[in-house]
file input.txt (compact mmCIF, C-alpha atoms and all ligand atoms)
# COMPACT_ATOMS: atom_id res chain seq x y z
CA PRO A 1 -18.69 -7.58 -5.45
CA LEU A 2 -20.65 -8.25 -2.26
CA VAL A 3 -23.04 -11.10 -2.91
CA PRO A 4 -25.43 -13.15 -0.78
CA LEU A 5 -23.79 -16.27 0.61
CA LYS A 6 -26.47 -18.34 -1.14
CA GLN A 7 -25.03 -17.40 -4.54
CA ILE A 8 -21.54 -18.57 -3.55
CA LEU A 9 -22.86 -21.84 -2.08
CA ASP A 10 -25.22 -22.66 -4.95
CA ASN A 11 -22.28 -22.24 -7.36
CA ALA A 12 -20.15 -24.45 -5.11
CA ILE A 13 -22.75 -27.23 -5.09
CA ALA A 14 -23.16 -26.98 -8.86
CA GLY A 15 -19.37 -27.04 -9.33
CA GLY A 16 -18.71 -29.78 -6.78
CA TYR A 17 -16.34 -27.78 -4.59
CA GLY A 18 -16.28 -26.35 -1.06
CA VAL A 19 -15.58 -22.80 0.06
CA PRO A 20 -13.72 -21.98 3.28
CA ALA A 21 -15.53 -19.52 5.58
CA LEU A 22 -12.75 -17.71 7.39
CA ASN A 23 -13.09 -15.88 10.69
CA VAL A 24 -11.60 -12.41 11.07
CA ASN A 25 -11.13 -9.94 13.92
CA ASN A 26 -8.82 -7.28 12.52
CA MET A 27 -7.38 -5.54 9.50
CA GLU A 28 -4.51 -7.94 8.95
CA ALA A 29 -6.78 -10.99 8.82
CA ILE A 30 -9.20 -9.33 6.42
CA GLN A 31 -6.36 -8.21 4.16
CA ALA A 32 -4.78 -11.66 4.33
CA ILE A 33 -7.84 -13.64 3.31
CA SER A 34 -8.81 -11.22 0.56
CA ALA A 35 -5.24 -11.30 -0.81
CA ALA A 36 -5.49 -15.11 -0.79
CA ALA A 37 -8.82 -15.03 -2.63
CA LYS A 38 -7.38 -12.64 -5.20
CA LYS A 39 -4.24 -14.73 -5.70
CA VAL A 40 -5.94 -18.11 -6.16
CA LYS A 41 -9.13 -16.64 -7.69
CA SER A 42 -11.52 -17.97 -5.07
CA PRO A 43 -14.88 -16.67 -3.94
CA LEU A 44 -14.53 -15.37 -0.38
CA ILE A 45 -16.63 -15.89 2.74
CA VAL A 46 -15.52 -13.43 5.41
CA GLN A 47 -17.08 -14.30 8.71
CA ALA A 48 -17.25 -12.46 12.00
CA SER A 49 -18.40 -13.84 15.32
CA ARG A 50 -20.26 -11.78 17.90
CA GLY A 51 -16.91 -11.64 19.69
CA ALA A 52 -15.28 -10.15 16.59
CA LEU A 53 -18.00 -7.51 16.34
CA LYS A 54 -17.57 -6.66 20.00
CA TYR A 55 -13.76 -6.51 19.73
CA THR A 56 -13.97 -4.06 16.83
CA ASN A 57 -16.99 -2.16 18.18
CA LEU A 58 -18.99 -3.11 15.05
CA ILE A 59 -18.25 -0.12 12.89
CA PHE A 60 -14.54 -0.77 12.40
CA LEU A 61 -15.15 -4.33 11.27
CA LYS A 62 -17.88 -3.19 8.90
CA HIS A 63 -15.59 -0.69 7.21
CA LEU A 64 -12.66 -3.13 7.07
CA MET A 65 -14.88 -5.68 5.35
CA MET A 66 -16.23 -3.07 2.96
CA ALA A 67 -12.64 -2.03 2.19
CA ALA A 68 -11.83 -5.63 1.24
CA SER A 69 -14.74 -5.64 -1.17
CA GLU A 70 -13.90 -2.22 -2.61
CA GLU A 71 -10.29 -3.27 -3.16
CA ASN A 72 -11.27 -6.57 -4.81
CA PRO A 73 -14.34 -5.82 -6.94
CA GLU A 74 -13.76 -8.92 -9.06
CA ILE A 75 -14.08 -11.35 -6.13
CA PRO A 76 -17.56 -12.58 -5.17
CA MET A 77 -17.56 -11.90 -1.44
CA ALA A 78 -20.08 -12.69 1.29
CA LEU A 79 -19.96 -10.97 4.67
CA HIS A 80 -21.31 -13.47 7.16
CA LEU A 81 -22.30 -13.32 10.84
CA ASP A 82 -20.96 -16.47 12.53
CA HIS A 83 -23.07 -17.95 15.37
CA GLY A 84 -25.63 -15.16 15.77
CA ASP A 85 -27.55 -15.96 18.94
CA ASN A 86 -30.82 -14.10 18.53
CA ILE A 87 -32.82 -11.86 16.22
CA GLU A 88 -31.13 -8.76 17.67
CA SER A 89 -27.60 -9.83 16.70
CA VAL A 90 -28.93 -10.73 13.26
CA LYS A 91 -30.58 -7.33 12.85
CA THR A 92 -27.36 -5.60 13.90
CA ALA A 93 -25.36 -7.52 11.28
CA ILE A 94 -27.87 -6.84 8.52
CA ASP A 95 -27.89 -3.13 9.42
CA LEU A 96 -24.10 -3.17 9.06
CA GLY A 97 -24.38 -4.57 5.53
CA PHE A 98 -23.70 -8.27 6.08
CA THR A 99 -25.01 -10.37 3.19
CA SER A 100 -25.45 -13.50 5.29
CA VAL A 101 -26.19 -14.47 8.87
CA MET A 102 -26.05 -17.59 10.95
CA ILE A 103 -28.66 -18.04 13.62
CA ASP A 104 -27.45 -20.69 16.03
CA ALA A 105 -30.37 -21.66 18.23
CA SER A 106 -29.29 -25.29 18.27
CA HIS A 107 -28.83 -25.34 22.05
CA HIS A 108 -32.54 -24.61 22.51
CA SER A 109 -35.26 -27.25 22.22
CA TYR A 110 -36.07 -28.32 18.65
CA GLU A 111 -39.35 -26.37 18.69
CA GLU A 112 -37.60 -23.23 19.95
CA ASN A 113 -34.81 -23.64 17.34
CA VAL A 114 -37.49 -23.82 14.62
CA ARG A 115 -39.34 -20.78 15.99
CA ILE A 116 -36.23 -18.57 16.33
CA THR A 117 -34.76 -19.66 12.98
CA LYS A 118 -38.02 -19.02 11.15
CA GLU A 119 -38.24 -15.53 12.64
CA VAL A 120 -34.71 -14.82 11.38
CA VAL A 121 -35.42 -16.27 7.92
CA ASP A 122 -38.57 -14.17 7.53
CA TYR A 123 -36.66 -11.05 8.57
CA ALA A 124 -33.43 -11.64 6.59
CA HIS A 125 -35.06 -12.70 3.36
CA GLN A 126 -36.77 -9.30 3.07
CA PHE A 127 -33.27 -7.92 2.51
CA GLY A 128 -31.98 -10.71 0.27
CA VAL A 129 -29.74 -11.87 3.12
CA THR A 130 -28.86 -15.58 3.29
CA VAL A 131 -29.56 -17.54 6.50
CA GLU A 132 -27.57 -20.45 7.94
CA ALA A 133 -28.97 -22.35 10.93
CA GLU A 134 -27.73 -25.30 12.97
CA LEU A 135 -29.20 -28.58 14.13
CA GLY A 136 -27.40 -30.77 16.65
CA THR A 137 -24.43 -30.26 18.94
CA LEU A 138 -20.78 -30.20 17.98
CA GLY A 139 -18.41 -32.61 19.67
CA GLY A 140 -16.26 -35.66 19.07
CA ILE A 141 -18.17 -38.89 18.47
CA GLU A 142 -15.76 -41.20 20.23
CA GLU A 143 -14.43 -38.93 22.92
CA ASP A 144 -17.66 -37.49 24.24
CA ILE A 145 -18.22 -38.85 27.71
CA SER A 146 -20.83 -36.33 28.76
CA GLY A 147 -23.41 -37.83 26.38
CA GLU A 148 -24.25 -34.34 25.20
CA VAL A 149 -23.12 -34.69 21.60
CA GLN A 150 -26.16 -34.94 19.35
CA LEU A 151 -25.37 -35.65 15.73
CA THR A 152 -27.87 -34.07 13.36
CA ASP A 153 -30.96 -36.24 12.92
CA PRO A 154 -31.88 -36.59 9.20
CA ASP A 155 -35.66 -36.71 9.75
CA GLN A 156 -35.46 -33.63 11.95
CA ALA A 157 -33.29 -31.91 9.31
CA VAL A 158 -35.92 -32.49 6.63
CA ASP A 159 -38.68 -31.05 8.84
CA PHE A 160 -36.43 -28.16 9.97
CA VAL A 161 -35.49 -27.07 6.46
CA LYS A 162 -39.08 -27.31 5.22
CA THR A 163 -40.55 -25.47 8.20
CA THR A 164 -37.98 -22.67 8.48
CA GLY A 165 -37.06 -22.06 4.83
CA VAL A 166 -33.40 -21.74 5.83
CA ASP A 167 -30.84 -21.45 2.98
CA CYS A 168 -28.04 -23.63 4.36
CA LEU A 169 -27.68 -25.91 7.36
CA ALA A 170 -24.81 -26.51 9.76
CA VAL A 171 -24.75 -30.19 10.65
CA ALA A 172 -23.15 -31.90 13.64
CA ILE A 173 -21.03 -34.80 12.36
CA GLY A 174 -18.47 -35.14 15.13
CA THR A 175 -16.35 -31.99 14.82
CA SER A 176 -15.93 -29.37 17.53
CA HIS A 177 -14.54 -25.86 17.78
CA GLY A 178 -11.02 -24.94 18.85
CA ALA A 179 -7.48 -26.34 18.82
CA TYR A 180 -8.14 -29.35 21.06
CA LYS A 181 -10.68 -31.35 19.12
CA PHE A 182 -9.47 -34.95 19.25
CA LYS A 183 -6.74 -36.99 20.93
CA SER A 184 -6.20 -39.05 17.78
CA GLU A 185 -7.33 -39.20 14.17
CA PRO A 186 -11.08 -38.50 14.47
CA LYS A 187 -14.06 -40.51 13.33
CA LEU A 188 -16.47 -38.23 11.49
CA ALA A 189 -19.96 -39.10 10.30
CA ILE A 190 -19.37 -38.41 6.60
CA ASP A 191 -22.14 -40.88 5.65
CA LEU A 192 -24.56 -38.71 7.64
CA VAL A 193 -23.65 -35.74 5.43
CA LYS A 194 -24.76 -37.72 2.39
CA THR A 195 -27.95 -38.96 4.04
CA ILE A 196 -28.95 -35.43 5.02
CA SER A 197 -27.85 -33.79 1.77
CA ASP A 198 -29.83 -36.29 -0.34
CA ARG A 199 -32.95 -35.33 1.58
CA VAL A 200 -32.75 -31.59 2.28
CA HIS A 201 -31.34 -30.34 -1.04
CA ILE A 202 -29.65 -27.25 0.43
CA PRO A 203 -25.91 -26.66 0.93
CA LEU A 204 -24.55 -28.05 4.21
CA VAL A 205 -22.05 -26.34 6.49
CA MET A 206 -19.26 -27.89 8.51
CA HIS A 207 -18.15 -26.06 11.66
CA GLY A 208 -15.03 -26.83 13.66
CA SER A 209 -13.10 -27.65 10.49
CA SER A 210 -9.58 -26.53 11.38
CA SER A 211 -6.96 -29.20 10.76
CA VAL A 212 -4.74 -27.96 13.62
CA PRO A 213 -1.61 -28.74 11.57
CA ILE A 214 1.28 -30.14 13.61
CA GLU A 215 3.73 -27.73 11.98
CA LEU A 216 1.73 -24.72 13.16
CA ARG A 217 1.66 -26.02 16.73
CA GLU A 218 5.36 -26.87 16.56
CA GLN A 219 6.23 -23.38 15.38
CA ILE A 220 4.26 -21.82 18.24
CA ASN A 221 5.90 -24.11 20.79
CA LYS A 222 9.37 -23.70 19.30
CA TYR A 223 9.18 -19.97 19.93
CA GLY A 224 7.97 -20.04 23.51
CA GLY A 225 4.36 -21.18 23.20
CA ALA A 226 2.81 -24.04 25.17
CA MET A 227 0.07 -25.67 23.15
CA PRO A 228 -0.69 -29.27 24.11
CA ASP A 229 -0.93 -31.93 21.39
CA ALA A 230 -4.26 -32.53 19.68
CA CYS A 231 -5.67 -33.57 16.32
CA GLY A 232 -7.91 -31.55 14.06
CA VAL A 233 -10.02 -32.45 11.06
CA PRO A 234 -7.94 -34.02 8.28
CA ILE A 235 -8.19 -32.26 4.92
CA SER A 236 -9.17 -35.63 3.39
CA ALA A 237 -12.26 -35.79 5.66
CA ILE A 238 -13.28 -32.31 4.54
CA GLN A 239 -12.83 -33.30 0.90
CA ALA A 240 -15.03 -36.35 1.49
CA ALA A 241 -17.67 -34.16 3.16
CA VAL A 242 -17.58 -31.78 0.19
CA LYS A 243 -18.21 -34.70 -2.20
CA ASN A 244 -21.27 -35.53 -0.11
CA GLY A 245 -22.94 -32.12 0.11
CA VAL A 246 -20.91 -29.75 2.31
CA ALA A 247 -20.33 -26.40 0.59
CA LYS A 248 -19.19 -24.09 3.45
CA ILE A 249 -16.33 -25.07 5.73
CA ASN A 250 -15.67 -22.93 8.81
CA VAL A 251 -12.05 -22.31 9.77
CA ASP A 252 -10.81 -20.01 12.51
CA THR A 253 -8.31 -21.84 14.73
CA ASP A 254 -5.76 -22.59 11.97
CA LEU A 255 -5.63 -18.89 11.04
CA ARG A 256 -5.14 -17.91 14.69
CA MET A 257 -2.33 -20.43 15.06
CA ALA A 258 -0.63 -19.31 11.84
CA MET A 259 -0.56 -15.67 12.89
CA THR A 260 0.57 -16.45 16.43
CA GLY A 261 3.42 -18.68 15.25
CA ALA A 262 4.68 -16.07 12.82
CA ILE A 263 4.60 -13.31 15.43
CA ARG A 264 6.29 -15.47 18.06
CA LYS A 265 9.07 -16.23 15.59
CA VAL A 266 9.81 -12.54 15.12
CA PHE A 267 9.72 -11.90 18.87
CA ALA A 268 12.04 -14.84 19.54
CA GLU A 269 14.51 -14.28 16.72
CA GLN A 270 14.54 -10.50 16.61
CA PRO A 271 13.93 -9.31 20.17
CA ASP A 272 15.16 -5.85 19.24
CA LYS A 273 12.11 -5.26 17.02
CA PHE A 274 9.30 -3.08 18.33
CA ASP A 275 7.65 -1.68 15.21
CA PRO A 276 4.31 -3.57 15.04
CA ARG A 277 4.62 -3.81 11.28
CA ASP A 278 7.72 -5.99 11.73
CA TYR A 279 5.62 -8.74 13.30
CA LEU A 280 2.12 -8.04 11.97
CA ARG A 281 3.32 -8.29 8.37
CA PRO A 282 4.63 -11.86 8.83
CA GLY A 283 1.50 -12.61 10.85
CA ARG A 284 -0.62 -11.42 7.97
CA ASP A 285 1.43 -13.40 5.43
CA ALA A 286 0.97 -16.55 7.53
CA ILE A 287 -2.82 -16.15 7.54
CA GLN A 288 -2.75 -15.60 3.77
CA ALA A 289 -0.76 -18.81 3.26
CA GLN A 290 -3.28 -20.80 5.34
CA ALA A 291 -6.21 -19.27 3.46
CA GLU A 292 -4.63 -20.23 0.13
CA ILE A 293 -4.10 -23.79 1.39
CA LYS A 294 -7.79 -24.08 2.33
CA MET A 295 -9.09 -22.53 -0.90
CA THR A 296 -6.93 -24.88 -2.93
CA ALA A 297 -7.68 -28.01 -0.88
CA PHE A 298 -11.44 -27.42 -0.63
CA GLY A 299 -11.59 -26.66 -4.35
CA SER A 300 -12.82 -23.04 -4.47
CA ALA A 301 -9.56 -21.79 -6.04
CA GLY A 302 -10.17 -20.88 -9.66
CA HIS A 303 -13.89 -20.31 -9.18
CA ALA A 304 -14.00 -16.53 -8.49
O1 LIG B 1 -17.19 -20.46 16.41
C1 LIG B 1 -16.26 -19.89 16.96
C2 LIG B 1 -15.33 -19.08 16.14
O2 LIG B 1 -14.07 -19.71 16.12
C3 LIG B 1 -15.28 -17.66 16.67
O3 LIG B 1 -14.71 -17.61 17.92
O4 LIG B 1 -16.30 -16.35 19.37
O5 LIG B 1 -13.85 -16.51 19.94
O6 LIG B 1 -14.62 -15.10 18.01
P1 LIG B 1 -14.88 -16.31 18.88
P1 LIG B 2 -12.35 -24.10 14.17
O1 LIG B 2 -12.23 -23.78 15.63
O2 LIG B 2 -12.14 -25.56 13.91
O3 LIG B 2 -11.48 -23.26 13.32
O4 LIG B 2 -13.88 -23.82 13.75
C1 LIG B 2 -14.32 -22.51 13.51
C2 LIG B 2 -15.80 -22.42 13.38
O5 LIG B 2 -16.52 -23.38 13.27
C3 LIG B 2 -16.37 -21.05 13.38
O6 LIG B 2 -17.76 -21.05 13.32
NA NA B 3 -25.14 -26.74 18.19
ZN ZN B 4 -18.75 -22.54 14.41
call {"tool": "encode", "arguments": {"input": "input.txt", "output": "structure tokens"}}
result
Amino acid sequence: PLVPLKQILDNAIAGGYGVPALNVNNMEAIQAISAAAKKVKSPLIVQASRGALKYTNLIFLKHLMMAASEENPEIPMALHLDHGDNIESVKTAIDLGFTSVMIDASHHSYEENVRITKEVVDYAHQFGVTVEAELGTLGGIEEDISGEVQLTDPDQAVDFVKTTGVDCLAVAIGTSHGAYKFKSEPKLAIDLVKTISDRVHIPLVMHGSSSVPIELREQINKYGGAMPDACGVPISAIQAAVKNGVAKINVDTDLRMAMTGAIRKVFAEQPDKFDPRDYLRPGRDAIQAQAEIKMTAFGSAGHA
């Protein structure tokens, strides 16, 4: 059934496991991650960015997500807005039936972040909708030369959680979005996760958590792609973060790469094919395989 994200995350904290939050933009991705959840018996966090909502003109994405829930009534499923930017995008998502929203006002001043987040919490909680907010800026610890990376400050986190009443908090511990995170094995502030978690007592969220597996990049490049080398977040770092208080782990890039590699393979090996199902089916299967890997590695498999 559709459940608030808070329920999934509270169970994860109690059970000592993490749950992948997987980004979707289309039918194949939604089918793939729900098939994965069904197969490995994992709770499911389906998340859509503002870009995903725009791409699907809102209503299509809503009905695709609802279809996933209708088809898998036994799976606890949260529909989550990823990186909502203001109260309007949050209201739109809640009107569509989302059970969870992120308000990311972390690029504003601290006071403004508190004000905007509190407004969203007060609004969303009337509907039983979970709220995630963010403190700090994402970016590699060792590779940032701009000086703009701000890891989450524990004292500020305590004040933020108390003042806003937010349900879960995205922390900046050295990860960043996309396929080109780090030049080498990254240094992440796992100790900071523990420091914050011990003091705020709400589930923490890790963004930018794709591992950017070499084999996915190699498959893309083998079949005509041109993705430069880069390192992602090792699964072992995510597992350490989960032990220290992270319950929601955001993954988008690895799913994108999996689908693209599978489609490129069909195009390269079977250039006579032109029925979209001939390449979208393998694309869908590749997303499902990635989703199963994450659910198993983060520990949510078996907990639906
Ligand atoms: O946080 C970013 C997610 O990967 C979503 O990306 O805004 O391109 O849909 P997007
Ligand atoms: P990746 O780019 O590492 O997959 O991160 C996705 C994310 O954080 C979405 O909010
Ligand atoms: Na931020
Ligand atoms: Zn993110």
call {"tool": "residues_near_ligand", "arguments": {"input": "input.txt", "ligand": "ligand NA 3 (chain B)", "cutoff": "9 Å", "atoms": "all atoms listed in the file", "output": "list in words"}}
result
Asp104, Ala105, Ser106, His107, His108, Glu134, Leu135, Gly136, Thr137, Leu138, Val149, Gln150, Ala170, Val171 and Ala172 of chain A
call {"tool": "atom_distance", "arguments": {"input": "input.txt", "atom1": "atom CA of Ala35 of chain A", "atom2": "atom CA of Ile238 of chain A"}}
result
23.1 Å
call {"tool": "residues_near_point", "arguments": {"input": "input.txt", "point": "(-17.8, -38.2, 17.3)", "cutoff": "9 Å", "atoms": "only C-alpha atoms", "output": "PDB file with C-alpha atoms, keeping the file's coordinate frame"}}
result
ATOM      1  CA  LEU A 138     -20.780 -30.200  17.980  1.00  0.00           C
ATOM      2  CA  GLY A 139     -18.410 -32.610  19.670  1.00  0.00           C
ATOM      3  CA  GLY A 140     -16.260 -35.660  19.070  1.00  0.00           C
ATOM      4  CA  ILE A 141     -18.170 -38.890  18.470  1.00  0.00           C
ATOM      5  CA  GLU A 142     -15.760 -41.200  20.230  1.00  0.00           C
ATOM      6  CA  GLU A 143     -14.430 -38.930  22.920  1.00  0.00           C
ATOM      7  CA  ASP A 144     -17.660 -37.490  24.240  1.00  0.00           C
ATOM      8  CA  VAL A 149     -23.120 -34.690  21.600  1.00  0.00           C
ATOM      9  CA  LEU A 151     -25.370 -35.650  15.730  1.00  0.00           C
ATOM     10  CA  ILE A 173     -21.030 -34.800  12.360  1.00  0.00           C
ATOM     11  CA  GLY A 174     -18.470 -35.140  15.130  1.00  0.00           C
ATOM     12  CA  THR A 175     -16.350 -31.990  14.820  1.00  0.00           C
ATOM     13  CA  PRO A 186     -11.080 -38.500  14.470  1.00  0.00           C
ATOM     14  CA  LYS A 187     -14.060 -40.510  13.330  1.00  0.00           C
ATOM     15  CA  LEU A 188     -16.470 -38.230  11.490  1.00  0.00           C
ATOM     16  CA  ALA A 189     -19.960 -39.100  10.300  1.00  0.00           C
TER      17      ALA A 189
END
call {"tool": "closest_residue", "arguments": {"input": "input.txt", "among": "A:Gly283, A:Gly97, A:Gly232, A:Gly84", "to": "Lys62 of chain A", "atoms": "only C-alpha atoms"}}
result
A:Gly97
call {"tool": "closest_residue", "arguments": {"input": "input.txt", "among": "A:Asp272, A:Glu70, A:Glu28, A:Asp82", "to": "ligand LIG 1 (chain B)", "atoms": "all atoms listed in the file"}}
result
A:Asp82
call {"tool": "closest_residue", "arguments": {"input": "input.txt", "among": "A:Ala52, A:Ala262, A:Ala286, A:Leu2", "to": "ligand LIG 2 (chain B)", "atoms": "only C-alpha atoms and all ligand atoms"}}
result
A:Ala52
call {"tool": "closest_atom_pairs", "arguments": {"input": "input.txt", "of": "segment 134-195 of chain A", "to": "segment 224-228 of chain A", "cutoff": "12 Å", "atoms": "only C-alpha atoms", "output": "Markdown table"}}
result
| residue | atom | partner | partner_atom | distance |
| --- | --- | --- | --- | --- |
| A:Gly178 | CA | A:Met227 | CA | 11.9 |
| A:Ala179 | CA | A:Met227 | CA | 8.7 |
| A:Tyr180 | CA | A:Pro228 | CA | 8.1 |
| A:Lys181 | CA | A:Pro228 | CA | 11.4 |
| A:Phe182 | CA | A:Pro228 | CA | 11.5 |
| A:Lys183 | CA | A:Pro228 | CA | 10.3 |
call {"tool": "write_last_selection", "arguments": {"input": "input.txt", "atoms": "C-alpha atoms", "output": "PDB file, in the coordinates of the input"}}
result
ATOM      1  CA  GLY A 178     -11.020 -24.940  18.850  1.00  0.00           C
ATOM      2  CA  ALA A 179      -7.480 -26.340  18.820  1.00  0.00           C
ATOM      3  CA  TYR A 180      -8.140 -29.350  21.060  1.00  0.00           C
ATOM      4  CA  LYS A 181     -10.680 -31.350  19.120  1.00  0.00           C
ATOM      5  CA  PHE A 182      -9.470 -34.950  19.250  1.00  0.00           C
ATOM      6  CA  LYS A 183      -6.740 -36.990  20.930  1.00  0.00           C
TER       7      LYS A 183
END
call {"tool": "residues_around", "arguments": {"input": "input.txt", "residues": "segment 290-292 of chain A", "least_positions_apart": "6", "cutoff": "12 Å", "atoms": "all atoms listed in the file", "output": "VMD selection string"}}
result
chain A and resid 19 to 24 29 to 46 210 to 213 215 to 216 249 to 259 262 283 to 284 298 to 302
call {"tool": "atom_distance", "arguments": {"input": "input.txt", "atom1": "atom CA of Asn244 of chain A", "atom2": "atom CA of Ile196 of chain A"}}
result
9.2 Å
call {"tool": "atom_distance", "arguments": {"input": "input.txt", "atom1": "atom CA of Pro203 of chain A", "atom2": "atom CA of Ala241 of chain A"}}
result
11.4 Å
call {"tool": "closest_residue", "arguments": {"input": "input.txt", "among": "A:Ile13, A:Ala237, A:Ile8, A:Met206", "to": "ligand ZN 4 (chain B)", "atoms": "all atoms listed in the file"}}
result
A:Met206
call {"tool": "axis_aligned_box", "arguments": {"input": "input.txt", "around": "segment 103-118 of chain A", "padding_each_side": "6 Å", "output": "JSON"}}
result
{"center_x": -33.4, "center_y": -23.2, "center_z": 16.8, "size_x": 23.9, "size_y": 22.3, "size_z": 23.4}
call {"tool": "closest_residue", "arguments": {"input": "input.txt", "among": "A:Ile214, A:Leu192, A:Met295, A:Ile116", "to": "Asp155 of chain A", "atoms": "only C-alpha atoms"}}
result
A:Leu192
call {"tool": "closest_atom_pairs", "arguments": {"input": "input.txt", "of": "segment 133-221 of chain A", "to": "segment 98-103 of chain A", "cutoff": "10 Å", "atoms": "all atoms listed in the file", "output": "Markdown table"}}
result
| residue | atom | partner | partner_atom | distance |
| --- | --- | --- | --- | --- |
| A:Ala133 | CA | A:Ile103 | CA | 5.1 |
| A:Glu134 | CA | A:Ile103 | CA | 7.3 |
| A:Val166 | CA | A:Ile103 | CA | 9.8 |
| A:Asp167 | CA | A:Ser100 | CA | 9.9 |
| A:Cys168 | CA | A:Met102 | CA | 9.2 |
| A:Leu169 | CA | A:Met102 | CA | 9.2 |
| A:Ala170 | CA | A:Met102 | CA | 9.1 |
call {"tool": "closest_residue", "arguments": {"input": "input.txt", "among": "A:Gln7, A:Gln288, A:Gln47, A:Asn113", "to": "ligand ZN 4 (chain B)", "atoms": "only C-alpha atoms and all ligand atoms"}}
result
A:Gln47
call {"tool": "residues_around", "arguments": {"input": "input.txt", "residues": "Ala157 of chain A", "least_positions_apart": "3", "cutoff": "8 Å", "atoms": "only C-alpha atoms", "output": "list in words"}}
result
Leu135, Thr152, Asp153, Pro154, Phe160, Val161, Ile196 and Val200 of chain A
call {"tool": "write_last_selection", "arguments": {"input": "input.txt", "atoms": "C-alpha atoms", "output": "mmCIF file, in the coordinates of the input"}}
result
data_model
loop_
_atom_site.group_PDB
_atom_site.id
_atom_site.type_symbol
_atom_site.label_atom_id
_atom_site.label_comp_id
_atom_site.auth_asym_id
_atom_site.auth_seq_id
_atom_site.Cartn_x
_atom_site.Cartn_y
_atom_site.Cartn_z
ATOM 1 C CA LEU A 135 -29.200 -28.580 14.130
ATOM 2 C CA THR A 152 -27.870 -34.070 13.360
ATOM 3 C CA ASP A 153 -30.960 -36.240 12.920
ATOM 4 C CA PRO A 154 -31.880 -36.590 9.200
ATOM 5 C CA PHE A 160 -36.430 -28.160 9.970
ATOM 6 C CA VAL A 161 -35.490 -27.070 6.460
ATOM 7 C CA ILE A 196 -28.950 -35.430 5.020
ATOM 8 C CA VAL A 200 -32.750 -31.590 2.280
#
call {"tool": "residues_around", "arguments": {"input": "input.txt", "residues": "Ile94 of chain A", "least_positions_apart": "4", "cutoff": "12 Å", "atoms": "only C-alpha atoms", "output": "list of chain:residue names"}}
result
A:Pro4, A:Leu58, A:Lys62, A:Leu79, A:His80, A:Leu81, A:Gly84, A:Ile87, A:Glu88, A:Ser89, A:Val90, A:Phe98, A:Thr99, A:Ser100, A:Val101, A:Met102, A:Val120, A:Tyr123, A:Ala124, A:His125, A:Gln126, A:Phe127, A:Gly128, A:Val129, A:Thr130, A:Val131
call {"tool": "residues_around", "arguments": {"input": "input.txt", "residues": "Lys265 of chain A", "least_positions_apart": "3", "cutoff": "9 Å", "atoms": "only C-alpha atoms", "output": "NGL selection string"}}
result
:A and (219-220 or 222-224 or 260-262 or 268-270 or 279)
call {"tool": "decode", "arguments": {"input": "input.txt", "residues": "segment 224-236 of chain A", "atoms": "N, CA and C atoms", "output": "JSON list (two decimals), in the first residue's frame"}}
result
[["chain", "number", "residue", "atom", "x", "y", "z"],
["A", 224, "GLY", "N", 29.51, 2.42, -28.03],
["A", 224, "GLY", "CA", 29.44, 3.71, -28.71],
["A", 224, "GLY", "C", 29.32, 4.93, -27.81],
["A", 225, "GLY", "N", 29.23, 4.72, -26.50],
["A", 225, "GLY", "CA", 29.12, 5.86, -25.58],
["A", 225, "GLY", "C", 30.49, 6.49, -25.35],
["A", 226, "ALA", "N", 30.49, 7.61, -24.64],
["A", 226, "ALA", "CA", 31.75, 8.30, -24.35],
["A", 226, "ALA", "C", 31.67, 8.93, -22.97],
["A", 227, "MET", "N", 31.63, 8.07, -21.96],
["A", 227, "MET", "CA", 31.61, 8.58, -20.59],
["A", 227, "MET", "C", 33.01, 8.56, -20.01],
["A", 228, "PRO", "N", 33.52, 9.72, -19.57],
["A", 228, "PRO", "CA", 34.84, 9.74, -18.95],
["A", 228, "PRO", "C", 34.86, 8.96, -17.64],
["A", 229, "ASP", "N", 36.07, 8.55, -17.23],
["A", 229, "ASP", "CA", 36.23, 7.82, -15.97],
["A", 229, "ASP", "C", 35.85, 8.69, -14.79],
["A", 230, "ALA", "N", 35.32, 8.05, -13.75],
["A", 230, "ALA", "CA", 35.07, 8.73, -12.48],
["A", 230, "ALA", "C", 34.71, 7.68, -11.45],
["A", 231, "CYS", "N", 34.79, 8.06, -10.18],
["A", 231, "CYS", "CA", 34.42, 7.14, -9.10],
["A", 231, "CYS", "C", 33.14, 7.62, -8.45],
["A", 232, "GLY", "N", 32.34, 6.65, -8.00],
["A", 232, "GLY", "CA", 31.14, 6.97, -7.25],
["A", 232, "GLY", "C", 31.33, 6.63, -5.79],
["A", 233, "VAL", "N", 30.22, 6.44, -5.11],
["A", 233, "VAL", "CA", 30.25, 6.12, -3.68],
["A", 233, "VAL", "C", 30.31, 4.61, -3.53],
["A", 234, "PRO", "N", 31.36, 4.08, -2.89],
["A", 234, "PRO", "CA", 31.44, 2.63, -2.72],
["A", 234, "PRO", "C", 30.28, 2.12, -1.86],
["A", 235, "ILE", "N", 29.80, 0.94, -2.20],
["A", 235, "ILE", "CA", 28.71, 0.32, -1.43],
["A", 235, "ILE", "C", 29.12, 0.21, 0.05],
["A", 236, "SER", "N", 30.40, -0.08, 0.30],
["A", 236, "SER", "CA", 30.86, -0.24, 1.70],
["A", 236, "SER", "C", 30.69, 1.07, 2.49]]
